[in-house]
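Structure file work12.json (JSON, C-alpha atoms) is printed below.
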[["chain", "number", "residue", "atom", "x", "y", "z"],
["A", 1, "GLU", "CA", 32.02, 34.44, 58.56],
["A", 2, "CYS", "CA", 30.81, 37.09, 61.01],
["A", 3, "ASP", "CA", 27.82, 39.33, 60.55],
["A", 4, "TRP", "CA", 30.11, 42.37, 60.24],
["A", 5, "ASN", "CA", 31.80, 40.82, 57.20],
["A", 6, "GLU", "CA", 30.23, 42.81, 54.41],
["A", 7, "PHE", "CA", 32.39, 41.11, 51.77],
["A", 8, "SER", "CA", 31.12, 37.57, 52.45],
["A", 9, "LEU", "CA", 33.25, 35.01, 50.59],
["A", 10, "LEU", "CA", 35.47, 37.74, 49.13],
["A", 11, "TRP", "CA", 36.64, 38.95, 52.57],
["A", 12, "TYR", "CA", 40.31, 38.12, 51.98],
["A", 13, "TYR", "CA", 40.30, 39.66, 48.50],
["A", 14, "SER", "CA", 38.65, 42.97, 49.31],
["A", 15, "GLY", "CA", 40.09, 45.84, 51.33],
["A", 16, "TYR", "CA", 43.47, 44.28, 52.08],
["A", 17, "ILE", "CA", 44.95, 45.21, 48.71],
["A", 18, "GLY", "CA", 45.01, 48.79, 49.99],
["A", 19, "TYR", "CA", 47.75, 47.82, 52.46],
["A", 20, "VAL", "CA", 49.93, 46.55, 49.62],
["A", 21, "VAL", "CA", 49.38, 49.75, 47.65],
["A", 22, "LEU", "CA", 50.08, 51.89, 50.73],
["A", 23, "ALA", "CA", 53.30, 50.00, 51.53],
["A", 24, "HIS", "CA", 54.47, 50.33, 47.93],
["A", 25, "TYR", "CA", 53.74, 54.05, 47.95],
["A", 26, "VAL", "CA", 55.54, 54.63, 51.26],
["A", 27, "ARG", "CA", 58.55, 52.56, 50.25],
["A", 28, "THR", "CA", 58.84, 54.03, 46.74],
["A", 29, "TYR", "CA", 57.72, 57.64, 46.96],
["A", 30, "LEU", "CA", 57.88, 58.77, 50.58],
["A", 31, "SER", "CA", 61.35, 59.95, 51.49],
["A", 32, "LEU", "CA", 61.60, 61.17, 55.05],
["A", 33, "SER", "CA", 64.60, 61.33, 57.31],
["A", 34, "ARG", "CA", 65.05, 58.40, 59.64],
["A", 35, "THR", "CA", 64.16, 60.55, 62.65],
["A", 36, "THR", "CA", 61.01, 61.90, 60.99],
["A", 37, "GLU", "CA", 59.95, 58.40, 59.95],
["A", 38, "LEU", "CA", 60.43, 57.11, 63.48],
["A", 39, "ALA", "CA", 58.57, 60.05, 65.09],
["A", 40, "THR", "CA", 55.72, 60.03, 62.55],
["A", 41, "GLY", "CA", 55.36, 56.25, 62.77],
["A", 42, "THR", "CA", 55.32, 56.29, 66.56],
["A", 43, "VAL", "CA", 52.69, 59.04, 66.69],
["A", 44, "MET", "CA", 50.51, 57.35, 64.04],
["A", 45, "PHE", "CA", 50.70, 54.01, 65.83],
["A", 46, "ALA", "CA", 49.86, 55.64, 69.17],
["A", 47, "ILE", "CA", 46.85, 57.47, 67.70],
["A", 48, "GLY", "CA", 45.54, 54.30, 66.04],
["A", 49, "TYR", "CA", 46.11, 52.28, 69.19],
["A", 50, "PHE", "CA", 44.38, 54.88, 71.38],
["A", 51, "ILE", "CA", 41.31, 54.96, 69.11],
["A", 52, "THR", "CA", 41.18, 51.15, 68.95],
["A", 53, "ALA", "CA", 41.49, 50.84, 72.74],
["A", 54, "ALA", "CA", 38.98, 53.61, 73.40],
["A", 55, "VAL", "CA", 36.34, 52.06, 71.12],
["A", 56, "PHE", "CA", 37.01, 48.61, 72.56],
["A", 57, "TYR", "CA", 36.73, 49.72, 76.20],
["A", 58, "SER", "CA", 33.67, 51.86, 75.50],
["A", 59, "ARG", "CA", 31.85, 48.80, 74.16],
["A", 60, "ILE", "CA", 32.77, 46.28, 76.86],
["A", 61, "ASP", "CA", 29.85, 47.08, 79.17],
["A", 62, "THR", "CA", 27.27, 47.64, 76.43],
["A", 63, "ALA", "CA", 28.12, 44.93, 73.91],
["A", 64, "VAL", "CA", 25.73, 42.04, 73.73],
["A", 65, "THR", "CA", 27.80, 39.92, 71.36],
["A", 66, "LEU", "CA", 31.51, 39.46, 70.79],
["A", 67, "THR", "CA", 31.08, 40.83, 67.27],
["A", 68, "GLU", "CA", 30.11, 44.23, 68.69],
["A", 69, "ILE", "CA", 33.45, 44.40, 70.52],
["A", 70, "GLU", "CA", 35.49, 43.22, 67.52],
["A", 71, "VAL", "CA", 34.35, 46.20, 65.46],
["A", 72, "SER", "CA", 37.11, 48.30, 67.04],
["A", 73, "TRP", "CA", 39.89, 46.30, 65.40],
["A", 74, "ARG", "CA", 38.49, 45.62, 61.94],
["A", 75, "PHE", "CA", 41.36, 45.55, 59.47],
["A", 76, "CYS", "CA", 40.02, 48.15, 57.07],
["A", 77, "THR", "CA", 39.14, 50.82, 59.65],
["A", 78, "PRO", "CA", 41.10, 54.09, 59.85],
["A", 79, "ASN", "CA", 42.49, 53.36, 63.31],
["A", 80, "VAL", "CA", 43.95, 50.01, 62.22],
["A", 81, "VAL", "CA", 45.33, 51.62, 59.05],
["A", 82, "PHE", "CA", 47.03, 54.23, 61.28],
["A", 83, "GLU", "CA", 48.50, 51.49, 63.46],
["A", 84, "SER", "CA", 49.69, 49.52, 60.44],
["A", 85, "LEU", "CA", 51.22, 52.51, 58.68],
["A", 86, "GLY", "CA", 52.81, 53.66, 61.94],
["A", 87, "ALA", "CA", 54.32, 50.22, 62.55],
["A", 88, "PHE", "CA", 55.55, 50.09, 58.94],
["A", 89, "LEU", "CA", 57.22, 53.51, 59.25],
["A", 90, "VAL", "CA", 58.86, 52.57, 62.56],
["A", 91, "MET", "CA", 60.16, 49.29, 61.12],
["A", 92, "LYS", "CA", 61.35, 51.08, 57.99],
["A", 93, "SER", "CA", 63.20, 53.67, 60.06],
["A", 94, "LEU", "CA", 64.79, 51.04, 62.29],
["A", 95, "PHE", "CA", 65.62, 48.40, 59.69],
["A", 96, "GLY", "CA", 65.43, 50.29, 56.39],
["A", 97, "SER", "CA", 69.20, 50.34, 56.08],
["A", 98, "VAL", "CA", 69.42, 46.56, 56.42],
["A", 99, "ARG", "CA", 70.26, 45.29, 52.97],
["A", 100, "LYS", "CA", 70.59, 41.93, 51.30],
["A", 101, "GLU", "CA", 73.80, 41.34, 53.27],
["A", 102, "SER", "CA", 71.71, 40.35, 56.29],
["A", 103, "ARG", "CA", 71.07, 36.67, 55.64],
["A", 104, "LEU", "CA", 68.67, 36.31, 58.58],
["A", 105, "VAL", "CA", 66.46, 39.19, 57.44],
["A", 106, "VAL", "CA", 66.40, 37.84, 53.88],
["A", 107, "SER", "CA", 65.64, 34.33, 55.09],
["A", 108, "VAL", "CA", 62.77, 35.45, 57.33],
["A", 109, "SER", "CA", 61.46, 37.58, 54.47],
["A", 110, "ASP", "CA", 61.60, 34.62, 52.09],
["A", 111, "MET", "CA", 59.78, 32.40, 54.59],
["A", 112, "SER", "CA", 57.18, 34.99, 55.66],
["A", 113, "TYR", "CA", 54.35, 33.82, 53.40],
["A", 114, "GLY", "CA", 54.63, 30.22, 54.57],
["A", 115, "MET", "CA", 54.89, 31.43, 58.16],
["A", 116, "TYR", "CA", 51.73, 33.48, 57.67],
["A", 117, "LEU", "CA", 49.87, 30.48, 56.27],
["A", 118, "MET", "CA", 50.72, 28.18, 59.19],
["A", 119, "HIS", "CA", 50.91, 30.55, 62.15],
["A", 120, "ILE", "CA", 47.32, 30.16, 63.31],
["A", 121, "PHE", "CA", 47.72, 26.39, 63.69],
["A", 122, "ILE", "CA", 51.00, 26.68, 65.58],
["A", 123, "LEU", "CA", 49.70, 29.56, 67.71],
["A", 124, "GLY", "CA", 46.80, 27.50, 69.01],
["A", 125, "PHE", "CA", 49.08, 24.56, 69.80],
["A", 126, "VAL", "CA", 51.66, 26.72, 71.62],
["A", 127, "PHE", "CA", 48.95, 28.62, 73.51],
["A", 128, "ASN", "CA", 47.46, 25.36, 74.81],
["A", 129, "LEU", "CA", 50.90, 24.31, 76.07],
["A", 130, "VAL", "CA", 51.66, 27.61, 77.82],
["A", 131, "ASN", "CA", 48.25, 28.85, 78.98],
["A", 132, "GLY", "CA", 47.78, 28.97, 82.73],
["A", 133, "GLN", "CA", 51.43, 28.39, 83.57],
["A", 134, "PHE", "CA", 52.58, 32.03, 83.46],
["A", 135, "THR", "CA", 51.18, 35.51, 83.89],
["A", 136, "THR", "CA", 49.33, 36.98, 80.93],
["A", 137, "PRO", "CA", 52.17, 39.27, 79.73],
["A", 138, "VAL", "CA", 54.71, 36.42, 79.92],
["A", 139, "THR", "CA", 52.28, 34.08, 78.14],
["A", 140, "ILE", "CA", 51.78, 36.61, 75.33],
["A", 141, "VAL", "CA", 55.52, 37.00, 74.79],
["A", 142, "LEU", "CA", 56.21, 33.25, 75.03],
["A", 143, "VAL", "CA", 53.41, 32.35, 72.64],
["A", 144, "GLY", "CA", 54.40, 35.06, 70.16],
["A", 145, "VAL", "CA", 58.11, 34.30, 70.10],
["A", 146, "SER", "CA", 57.61, 30.52, 70.14],
["A", 147, "THR", "CA", 55.06, 30.69, 67.32],
["A", 148, "PHE", "CA", 57.39, 32.86, 65.24],
["A", 149, "VAL", "CA", 60.41, 30.59, 65.73],
["A", 150, "ILE", "CA", 58.50, 27.33, 65.17],
["A", 151, "CYS", "CA", 56.80, 28.70, 62.04],
["A", 152, "TYR", "CA", 60.13, 29.90, 60.68],
["A", 153, "MET", "CA", 61.83, 26.55, 61.29],
["A", 154, "LEU", "CA", 58.96, 24.53, 59.79],
["A", 155, "THR", "CA", 58.68, 26.80, 56.77],
["A", 156, "ARG", "CA", 62.44, 26.65, 56.28],
["A", 157, "LEU", "CA", 62.33, 22.83, 56.36],
["A", 158, "ILE", "CA", 59.41, 22.75, 53.91],
["A", 159, "SER", "CA", 61.27, 25.16, 51.62],
["A", 160, "LEU", "CA", 64.01, 22.54, 51.17],
["A", 161, "LEU", "CA", 61.57, 20.11, 49.53],
["A", 162, "PRO", "CA", 61.20, 19.98, 45.76],
["A", 163, "GLY", "CA", 58.23, 22.05, 44.56],
["A", 164, "SER", "CA", 57.97, 23.81, 47.91],
["A", 165, "LYS", "CA", 57.48, 27.19, 46.26],
["A", 166, "TYR", "CA", 53.86, 26.14, 45.69],
["A", 167, "LEU", "CA", 53.41, 25.56, 49.42],
["A", 168, "VAL", "CA", 55.37, 28.35, 51.08],
["A", 169, "GLY", "CA", 55.75, 30.95, 48.35]]
Translate this file's structure into structure tokens.
Amino acid sequence: ECDWNEFSLLWYYSGYIGYVVLAHYVRTYLSLSRTTELATGTVMFAIGYFITAAVFYSRIDTAVTLTEIEVSWRFCTPNVVFESLGAFLVMKSLFGSVRKESRLVVSVSDMSYGMYLMHIFILGFVFNLVNGQFTTPVTIVLVGVSTFVICYMLTRLISLLPGSKYLVG
């Protein structure tokens, strides 16, 4: 728990429900053309990213604690909501026409909760293996892709066990 966590023990049950409601609203009631969705999403993401980066870089020299820097990317701040909504709109415009026929998309979707639950453990392990061996951009891509693939494969294996729905959703 950090000192900026105003929700204390209820942190994970507080402001995040707004993202679910927002995604439902956008998916159900917002009907834009694919081009408009892509343009709007890109602009929203860019605005959110710019604000996040600007706040972050403005605090680097003056921050006394790490917590003071982390304020720029708090999950329930308007800039992060803009980035999230922008990313959602871009993904919807790019992959919104992908239907149930795409077995890979459906499989990743089915495994996503289990992947979410385990990713932080796998990420740390993969980072320790890769760190210092490549440049930072290559390390970021390797760690991200490796973590995604490993989490998917492990979650898929767990999903084959009886009663696995209680573990991986």
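With all atoms listed in the file as the atoms that count, the minimum distance from Ala54 (chain A) to the choices A:Ile122, A:Val71, A:Val106, A:Leu160 is reached by A:Val71.
A search radius of 10 Å centred on (61.2, 29.9, 55.7), applied to all atoms listed in the file, returns the residues Val106, Ser107, Val108, Ser109, Asp110, Met111, Ser112, Tyr113, Gly114, Met115, Cys151, Tyr152, Met153, Leu154, Thr155, Arg156, Leu157, Ile158, Ser159, Leu160, Val168 and Gly169 of chain A.
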Do a neighbour search on Lys92 (chain A) at 10 Å with only C-alpha atoms, toss out local chain neighbours closer than 6 positions, and write the hits as a PyMOL selection string.
-> chain A and resi 26-27+34+37-38+41+86+98
List as an mmCIF file with C-alpha atoms, in the coordinates of the input the protein and nucleic acid residues near Ala46 (chain A), meaning an atom at most 8 Å away when all atoms listed in the file are counted, but skip any in the same chain fewer than 4 places from it.
data_model
loop_
_atom_site.group_PDB
_atom_site.id
_atom_site.type_symbol
_atom_site.label_atom_id
_atom_site.label_comp_id
_atom_site.auth_asym_id
_atom_site.auth_seq_id
_atom_site.Cartn_x
_atom_site.Cartn_y
_atom_site.Cartn_z
ATOM 1 C CA THR A 42 55.320 56.290 66.560
ATOM 2 C CA PHE A 50 44.380 54.880 71.380
ATOM 3 C CA GLU A 83 48.500 51.490 63.460
#
Counting all atoms listed in the file, the residue of A:Cys76, A:Met91, A:Val130, A:Leu123 that sits nearest Val149 (chain A) =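 With all atoms listed in the file as the atom set, the closest residue is A:Leu123.
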Return the single residue from A:Leu129, A:Leu117, A:Ile47, A:Leu167 that is closest to Val81 (chain A), with distances computed using only C-alpha atoms.
-> A:Ile47
Skip region 140-146 of chain A itself and residues of its chain fewer than 3 positions away, then list as an MDAnalysis selection string all residues within 7 Å of it, counting all atoms listed in the file.
-> chainID A and resid 123 126:127 136:137 149:150
What is the CA of Phe121 (chain A) to CA of Leu85 (chain A) distance in Å?
->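 That distance, rounded to one decimal, is 26.8 Å.
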Which residues come within 12 Å of Val80 (chain A), counting all atoms listed in the file, excluding same-chain residues fewer than 2 positions away, as a PyMOL selection string?
-> chain A and resi 16+19+44-53+55+71-78+82-87
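Separating CA of Phe88 (chain A) from CA of Ile17 (chain A) is a distance of 15.5 Å.
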Filled-in all heavy atoms of region 74-85 of chain A, supplied as a compact mmCIF listing (two decimals), keeping the file's coordinate frame:
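Saved file rebuild26.txt follows:
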# COMPACT_ATOMS: atom_id res chain seq x y z
N ARG A 74 38.67 46.08 63.32
CA ARG A 74 38.49 45.62 61.94
C ARG A 74 39.65 46.10 61.10
O ARG A 74 40.13 47.22 61.22
CB ARG A 74 37.18 46.14 61.38
CG ARG A 74 35.99 45.44 61.99
CD ARG A 74 34.71 45.87 61.38
NE ARG A 74 34.72 45.60 59.95
CZ ARG A 74 33.84 46.10 59.12
NH1 ARG A 74 32.90 46.89 59.56
NH2 ARG A 74 33.90 45.82 57.84
N PHE A 75 40.13 45.28 60.20
CA PHE A 75 41.36 45.55 59.47
C PHE A 75 41.29 46.72 58.51
O PHE A 75 42.31 47.30 58.18
CB PHE A 75 41.78 44.29 58.70
CG PHE A 75 42.05 43.14 59.61
CD1 PHE A 75 41.33 41.98 59.52
CD2 PHE A 75 43.04 43.23 60.58
CE1 PHE A 75 41.57 40.91 60.36
CE2 PHE A 75 43.30 42.17 61.43
CZ PHE A 75 42.56 41.01 61.32
N CYS A 76 40.13 47.05 58.04
CA CYS A 76 40.02 48.15 57.07
C CYS A 76 39.43 49.41 57.70
O CYS A 76 38.83 50.23 57.01
CB CYS A 76 39.20 47.70 55.87
SG CYS A 76 40.03 46.43 54.91
N THR A 77 39.60 49.60 58.99
CA THR A 77 39.14 50.82 59.65
C THR A 77 40.31 51.80 59.75
O THR A 77 41.47 51.39 59.77
CB THR A 77 38.60 50.51 61.06
OG1 THR A 77 39.61 49.84 61.82
CG2 THR A 77 37.35 49.65 61.00
N PRO A 78 40.02 53.09 59.80
CA PRO A 78 41.10 54.09 59.85
C PRO A 78 42.07 53.91 61.00
O PRO A 78 43.28 54.08 60.84
CB PRO A 78 40.35 55.41 59.97
CG PRO A 78 39.01 55.15 59.38
CD PRO A 78 38.70 53.71 59.71
N ASN A 79 41.59 53.54 62.17
CA ASN A 79 42.49 53.36 63.31
C ASN A 79 43.48 52.22 63.09
O ASN A 79 44.65 52.34 63.43
CB ASN A 79 41.70 53.15 64.61
CG ASN A 79 40.66 52.06 64.50
OD1 ASN A 79 39.84 52.07 63.60
ND2 ASN A 79 40.68 51.12 65.42
N VAL A 80 43.05 51.14 62.50
CA VAL A 80 43.95 50.01 62.22
C VAL A 80 44.90 50.37 61.09
O VAL A 80 46.08 49.99 61.11
CB VAL A 80 43.15 48.73 61.93
CG1 VAL A 80 44.06 47.59 61.50
CG2 VAL A 80 42.34 48.32 63.16
N VAL A 81 44.44 51.14 60.12
CA VAL A 81 45.33 51.62 59.05
C VAL A 81 46.42 52.51 59.67
O VAL A 81 47.60 52.39 59.32
CB VAL A 81 44.55 52.37 57.96
CG1 VAL A 81 45.49 53.02 56.96
CG2 VAL A 81 43.60 51.42 57.23
N PHE A 82 46.04 53.38 60.59
CA PHE A 82 47.03 54.23 61.28
C PHE A 82 48.06 53.37 62.03
O PHE A 82 49.26 53.63 61.96
CB PHE A 82 46.34 55.17 62.26
CG PHE A 82 46.17 56.57 61.74
CD1 PHE A 82 45.48 56.80 60.57
CD2 PHE A 82 46.69 57.64 62.43
CE1 PHE A 82 45.33 58.08 60.08
CE2 PHE A 82 46.55 58.93 61.95
CZ PHE A 82 45.86 59.16 60.77
N GLU A 83 47.58 52.36 62.74
CA GLU A 83 48.50 51.49 63.46
C GLU A 83 49.44 50.77 62.49
O GLU A 83 50.64 50.67 62.74
CB GLU A 83 47.75 50.45 64.28
CG GLU A 83 47.13 51.01 65.54
CD GLU A 83 46.41 49.94 66.34
OE1 GLU A 83 47.10 49.22 67.09
OE2 GLU A 83 45.18 49.83 66.20
N SER A 84 48.89 50.26 61.41
CA SER A 84 49.69 49.52 60.44
C SER A 84 50.72 50.41 59.77
O SER A 84 51.90 50.05 59.65
CB SER A 84 48.79 48.89 59.37
OG SER A 84 47.88 48.00 59.95
N LEU A 85 50.29 51.58 59.32
CA LEU A 85 51.22 52.51 58.68
C LEU A 85 52.27 52.98 59.68
O LEU A 85 53.46 53.08 59.35
CB LEU A 85 50.47 53.70 58.08
CG LEU A 85 51.32 54.75 57.37
CD1 LEU A 85 52.17 54.12 56.27
CD2 LEU A 85 50.45 55.85 56.81
